Structure formats: C-alpha cells, structure tokens
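Scroll down for the structure; my scribbles are underneath it.
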Amino acid sequence: MDFGFGLNPSSAIELDKLDQSLYAKLCRIEPTASTCMACGSCSATCTASGYSGMSVRKLLLDLQRGRNREVEQMLSHCMLCGKCTMVCPRGINTRRVILTVSRLYENVEGSL
Ligand code: SF4
Ligand code: SF4
C-alpha cells in the first residue's frame with residue numbers, strides 16, 4: 001500500500017563488518033586522531049565546508065565507519081589552509097591528519 005512517503009533505510013552500523021584498516025593506519029601514524037570528540041569546531045571554521053561539505057569531523061567518522069569513497073571525495077576539497085588545526089580543542093594537527101590520509105589513499109589507489 002502506498003502511503004505517499006517512504007521509510008528511511010536503517011542507519012544501524014555493524015561494527016564487525018566495517019573496514020577500519022585506513023583508520024587504524026592513520027591512528028598509528030597520527031595517534032592524536034583517535035582523540036577527536038566530534039565537537040565540530042573544525043567544520044565550523046573550515047574554509048571549504050560552506051560550498052563543498054568538507055569536514056574533518058565527518059572525515060574521521062567516515063574513516064571509522066569504513067566509508068572510504070566518501071573520504072576520498074572530501075579530501076579533494078581541502079585547501080590545506082590549516083584553520084581547522086588552530087581551533088581544535090584536542091590539539092589534533094588536523095592539517096597533518098588530512099595529508100596523512102591523502103598519502104594513505106595514494107598507497108591504496110585503484111583498490112577502492
Ligand atoms: S575540532 Fe578537533 S576534536 Fe573537534 S571535531 Fe574537529 S578534529 Fe575532532
Ligand atoms: S585545512 Fe582543509 S579541512 Fe582544515 S580548514 Fe582548511 S580547507 Fe578546511
């Protein structure tokens with residue numbers, strides 16, 4: 001029966017099935033990345049977020065959830081201006097995190 005609306009697909013996450021390999025590699029190289037508390041300060045100050053949706057907060061969450069394609073697309077919008085690094089309350093060098101993630105993607109290019 002058509003009610004004129006649909007239900008959103010479930011947003012439940014099965015942790016056991018996620019590919020967290022890139023996130024694990026990132027945390028080995030940049031251990032502070034794991035201290036992110038998803039406060040959103042980086043996204044609020046991001047030069048590119050207004051027109052591209054760039055967000056370090058989302059980038060780290062997507063990596064934890066194995067959404068590697070979404071991360072790859074987001075990386076291309078970062079201008080490496082470093083504003084996000086200046087406001088992070090956890091002192092995460094977010095600019096370096098982005099560079100590190102970009103290098104990890106270069107190493108797995110073609111396998112995504
Ligand atoms: S500002 Fe720092 S702690 Fe807050 S969401 Fe961004 S990276 Fe995480
Ligand atoms: S370095 Fe990238 S993610 Fe950080 S504020 Fe600049 S454009 Fe945004």
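Letters A, B, ... mark the chains of the structure tokens in the order given; residue numbers begin at 1 per chain; ligand numbers begin at 1, in order shown.
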(Q) Could you list, as number ranges by chain, all protein and nucleic acid residues with an atom at most 10 Å from ligand 1, counting only C-alpha atoms and all ligand atoms? (A) A: 32-46, 55-61, 84-95, 97
Q: Identify, on the basis of only C-alpha atoms, every residue whose closest approach to Glu72 (chain A) does not exceed 8 Å; exclude the query and any residue fewer than 3 positions from it along the same chain; express the result as a VMD selection string.
A: chain A and resid 68 to 69 75 to 76 102 105
(Q) Between CA of Val71 (chain A) and CA of Ile98 (chain A), what distance in Å does the model show, to one decimal? (A) 10.0 Å
Q: Identify, on the basis of only C-alpha atoms, every residue whose closest approach to Gly66 (chain A) does not exceed 6 Å; exclude the query and any residue fewer than 5 positions from it along the same chain; express the result as a list in words.
A: Leu18, Asp19 and Gln20 of chain A
Q: Go through A:Leu80, A:Arg103, A:Glu14, A:Val108 and flag the residue nearest ligand 2, using only C-alpha atoms and all ligand atoms for the distances.
A: A:Leu80
Q | Which residue of A:Asn8, A:Gly53, A:Thr47, A:Arg28 approaches ligand 2 most closely, using only C-alpha atoms and all ligand atoms | A |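 Nearest to ligand 2: A:Thr47.
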Q.
Using only C-alpha atoms and all ligand atoms for the distances, tell me which of A:Gly50, A:Leu104, A:Ala24, A:Lys83 is nearest to ligand 2.
A. A:Lys83
**Q.** Selected residue of minimal separation from ligand 2 among A:Asn107, A:Gln64, A:Ser10, A:Ser52, counting only C-alpha atoms and all ligand atoms
**A.**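 Of A:Asn107, A:Gln64, A:Ser10, A:Ser52, the one nearest ligand 2 is A:Ser52, counting only C-alpha atoms and all ligand atoms.
Restricting the calculation to only C-alpha atoms, the smallest distance between Met74 (chain A) and any of A:Tyr23, A:Leu7, A:Asp62, A:Met54 is found for A:Met54.
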Q. Just asking: which residues within region 36-69 of chain A are helix (DSSP H, G or I) according to DSSP, as number ranges by chain?
A. A: 41-45, 49-52, 56-64, 68-69
N, CA and C atoms of the current selection, written as a PDB file, in the first residue's frame:
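Contents of out-v5.pdb, as written:
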```pdb
ATOM      1  N   SER A  41      34.213  21.923  15.820  1.00  0.00           N
ATOM      2  CA  SER A  41      34.882  23.226  15.680  1.00  0.00           C
ATOM      3  C   SER A  41      35.616  23.326  14.355  1.00  0.00           C
ATOM      4  N   CYS A  42      36.240  22.232  13.933  1.00  0.00           N
ATOM      5  CA  CYS A  42      36.981  22.237  12.668  1.00  0.00           C
ATOM      6  C   CYS A  42      36.037  22.489  11.489  1.00  0.00           C
ATOM      7  N   SER A  43      34.873  21.864  11.531  1.00  0.00           N
ATOM      8  CA  SER A  43      33.917  22.030  10.429  1.00  0.00           C
ATOM      9  C   SER A  43      33.380  23.451  10.391  1.00  0.00           C
ATOM     10  N   ALA A  44      33.150  24.035  11.578  1.00  0.00           N
ATOM     11  CA  ALA A  44      32.571  25.379  11.651  1.00  0.00           C
ATOM     12  C   ALA A  44      33.513  26.436  11.096  1.00  0.00           C
ATOM     13  N   THR A  45      34.815  26.182  11.177  1.00  0.00           N
ATOM     14  CA  THR A  45      35.773  27.188  10.714  1.00  0.00           C
ATOM     15  C   THR A  45      36.372  26.852   9.351  1.00  0.00           C
ATOM     16  N   SER A  49      34.107  24.237   3.794  1.00  0.00           N
ATOM     17  CA  SER A  49      32.893  23.488   4.171  1.00  0.00           C
ATOM     18  C   SER A  49      31.628  24.089   3.589  1.00  0.00           C
ATOM     19  N   GLY A  50      31.598  25.427   3.458  1.00  0.00           N
ATOM     20  CA  GLY A  50      30.377  26.095   3.020  1.00  0.00           C
ATOM     21  C   GLY A  50      29.904  25.662   1.645  1.00  0.00           C
ATOM     22  N   TYR A  51      30.828  25.388   0.749  1.00  0.00           N
ATOM     23  CA  TYR A  51      30.426  25.037  -0.621  1.00  0.00           C
ATOM     24  C   TYR A  51      30.721  23.596  -0.995  1.00  0.00           C
ATOM     25  N   SER A  52      31.466  22.888  -0.111  1.00  0.00           N
ATOM     26  CA  SER A  52      31.850  21.531  -0.511  1.00  0.00           C
ATOM     27  C   SER A  52      31.460  20.445   0.480  1.00  0.00           C
ATOM     28  N   VAL A  56      36.536  17.850   8.778  1.00  0.00           N
ATOM     29  CA  VAL A  56      37.472  16.886   9.383  1.00  0.00           C
ATOM     30  C   VAL A  56      36.700  15.964  10.330  1.00  0.00           C
ATOM     31  N   ARG A  57      35.757  16.538  11.045  1.00  0.00           N
ATOM     32  CA  ARG A  57      34.932  15.724  11.951  1.00  0.00           C
ATOM     33  C   ARG A  57      34.278  14.575  11.180  1.00  0.00           C
ATOM     34  N   LYS A  58      33.641  14.897  10.052  1.00  0.00           N
ATOM     35  CA  LYS A  58      32.965  13.863   9.272  1.00  0.00           C
ATOM     36  C   LYS A  58      33.981  12.911   8.639  1.00  0.00           C
ATOM     37  N   LEU A  59      35.107  13.462   8.212  1.00  0.00           N
ATOM     38  CA  LEU A  59      36.146  12.640   7.596  1.00  0.00           C
ATOM     39  C   LEU A  59      36.599  11.542   8.577  1.00  0.00           C
ATOM     40  N   LEU A  60      36.812  11.934   9.844  1.00  0.00           N
ATOM     41  CA  LEU A  60      37.270  10.948  10.831  1.00  0.00           C
ATOM     42  C   LEU A  60      36.172   9.935  11.140  1.00  0.00           C
ATOM     43  N   LEU A  61      34.925  10.403  11.226  1.00  0.00           N
ATOM     44  CA  LEU A  61      33.820   9.469  11.479  1.00  0.00           C
ATOM     45  C   LEU A  61      33.643   8.503  10.307  1.00  0.00           C
ATOM     46  N   ASP A  62      33.743   9.035   9.073  1.00  0.00           N
ATOM     47  CA  ASP A  62      33.600   8.167   7.901  1.00  0.00           C
ATOM     48  C   ASP A  62      34.717   7.122   7.847  1.00  0.00           C
ATOM     49  N   LEU A  63      35.935   7.543   8.215  1.00  0.00           N
ATOM     50  CA  LEU A  63      37.042   6.578   8.227  1.00  0.00           C
ATOM     51  C   LEU A  63      36.766   5.464   9.225  1.00  0.00           C
ATOM     52  N   GLN A  64      36.241   5.836  10.411  1.00  0.00           N
ATOM     53  CA  GLN A  64      35.932   4.828  11.434  1.00  0.00           C
ATOM     54  C   GLN A  64      34.858   3.870  10.953  1.00  0.00           C
ATOM     55  N   ASN A  68      35.152   4.703   2.786  1.00  0.00           N
ATOM     56  CA  ASN A  68      36.389   5.181   2.173  1.00  0.00           C
ATOM     57  C   ASN A  68      36.164   6.044   0.941  1.00  0.00           C
ATOM     58  N   ARG A  69      35.135   5.748   0.190  1.00  0.00           N
ATOM     59  CA  ARG A  69      34.878   6.561  -1.009  1.00  0.00           C
ATOM     60  C   ARG A  69      34.455   7.982  -0.637  1.00  0.00           C
TER      61      ARG A  69
END
```
Q | Which residue of A:Leu22, A:Glu30, A:Glu70, A:Cys78 approaches Glu106 (chain A) most closely, using only C-alpha atoms | A |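 Ranking A:Leu22, A:Glu30, A:Glu70, A:Cys78 by distance to Glu106 (chain A), first place goes to A:Leu22.
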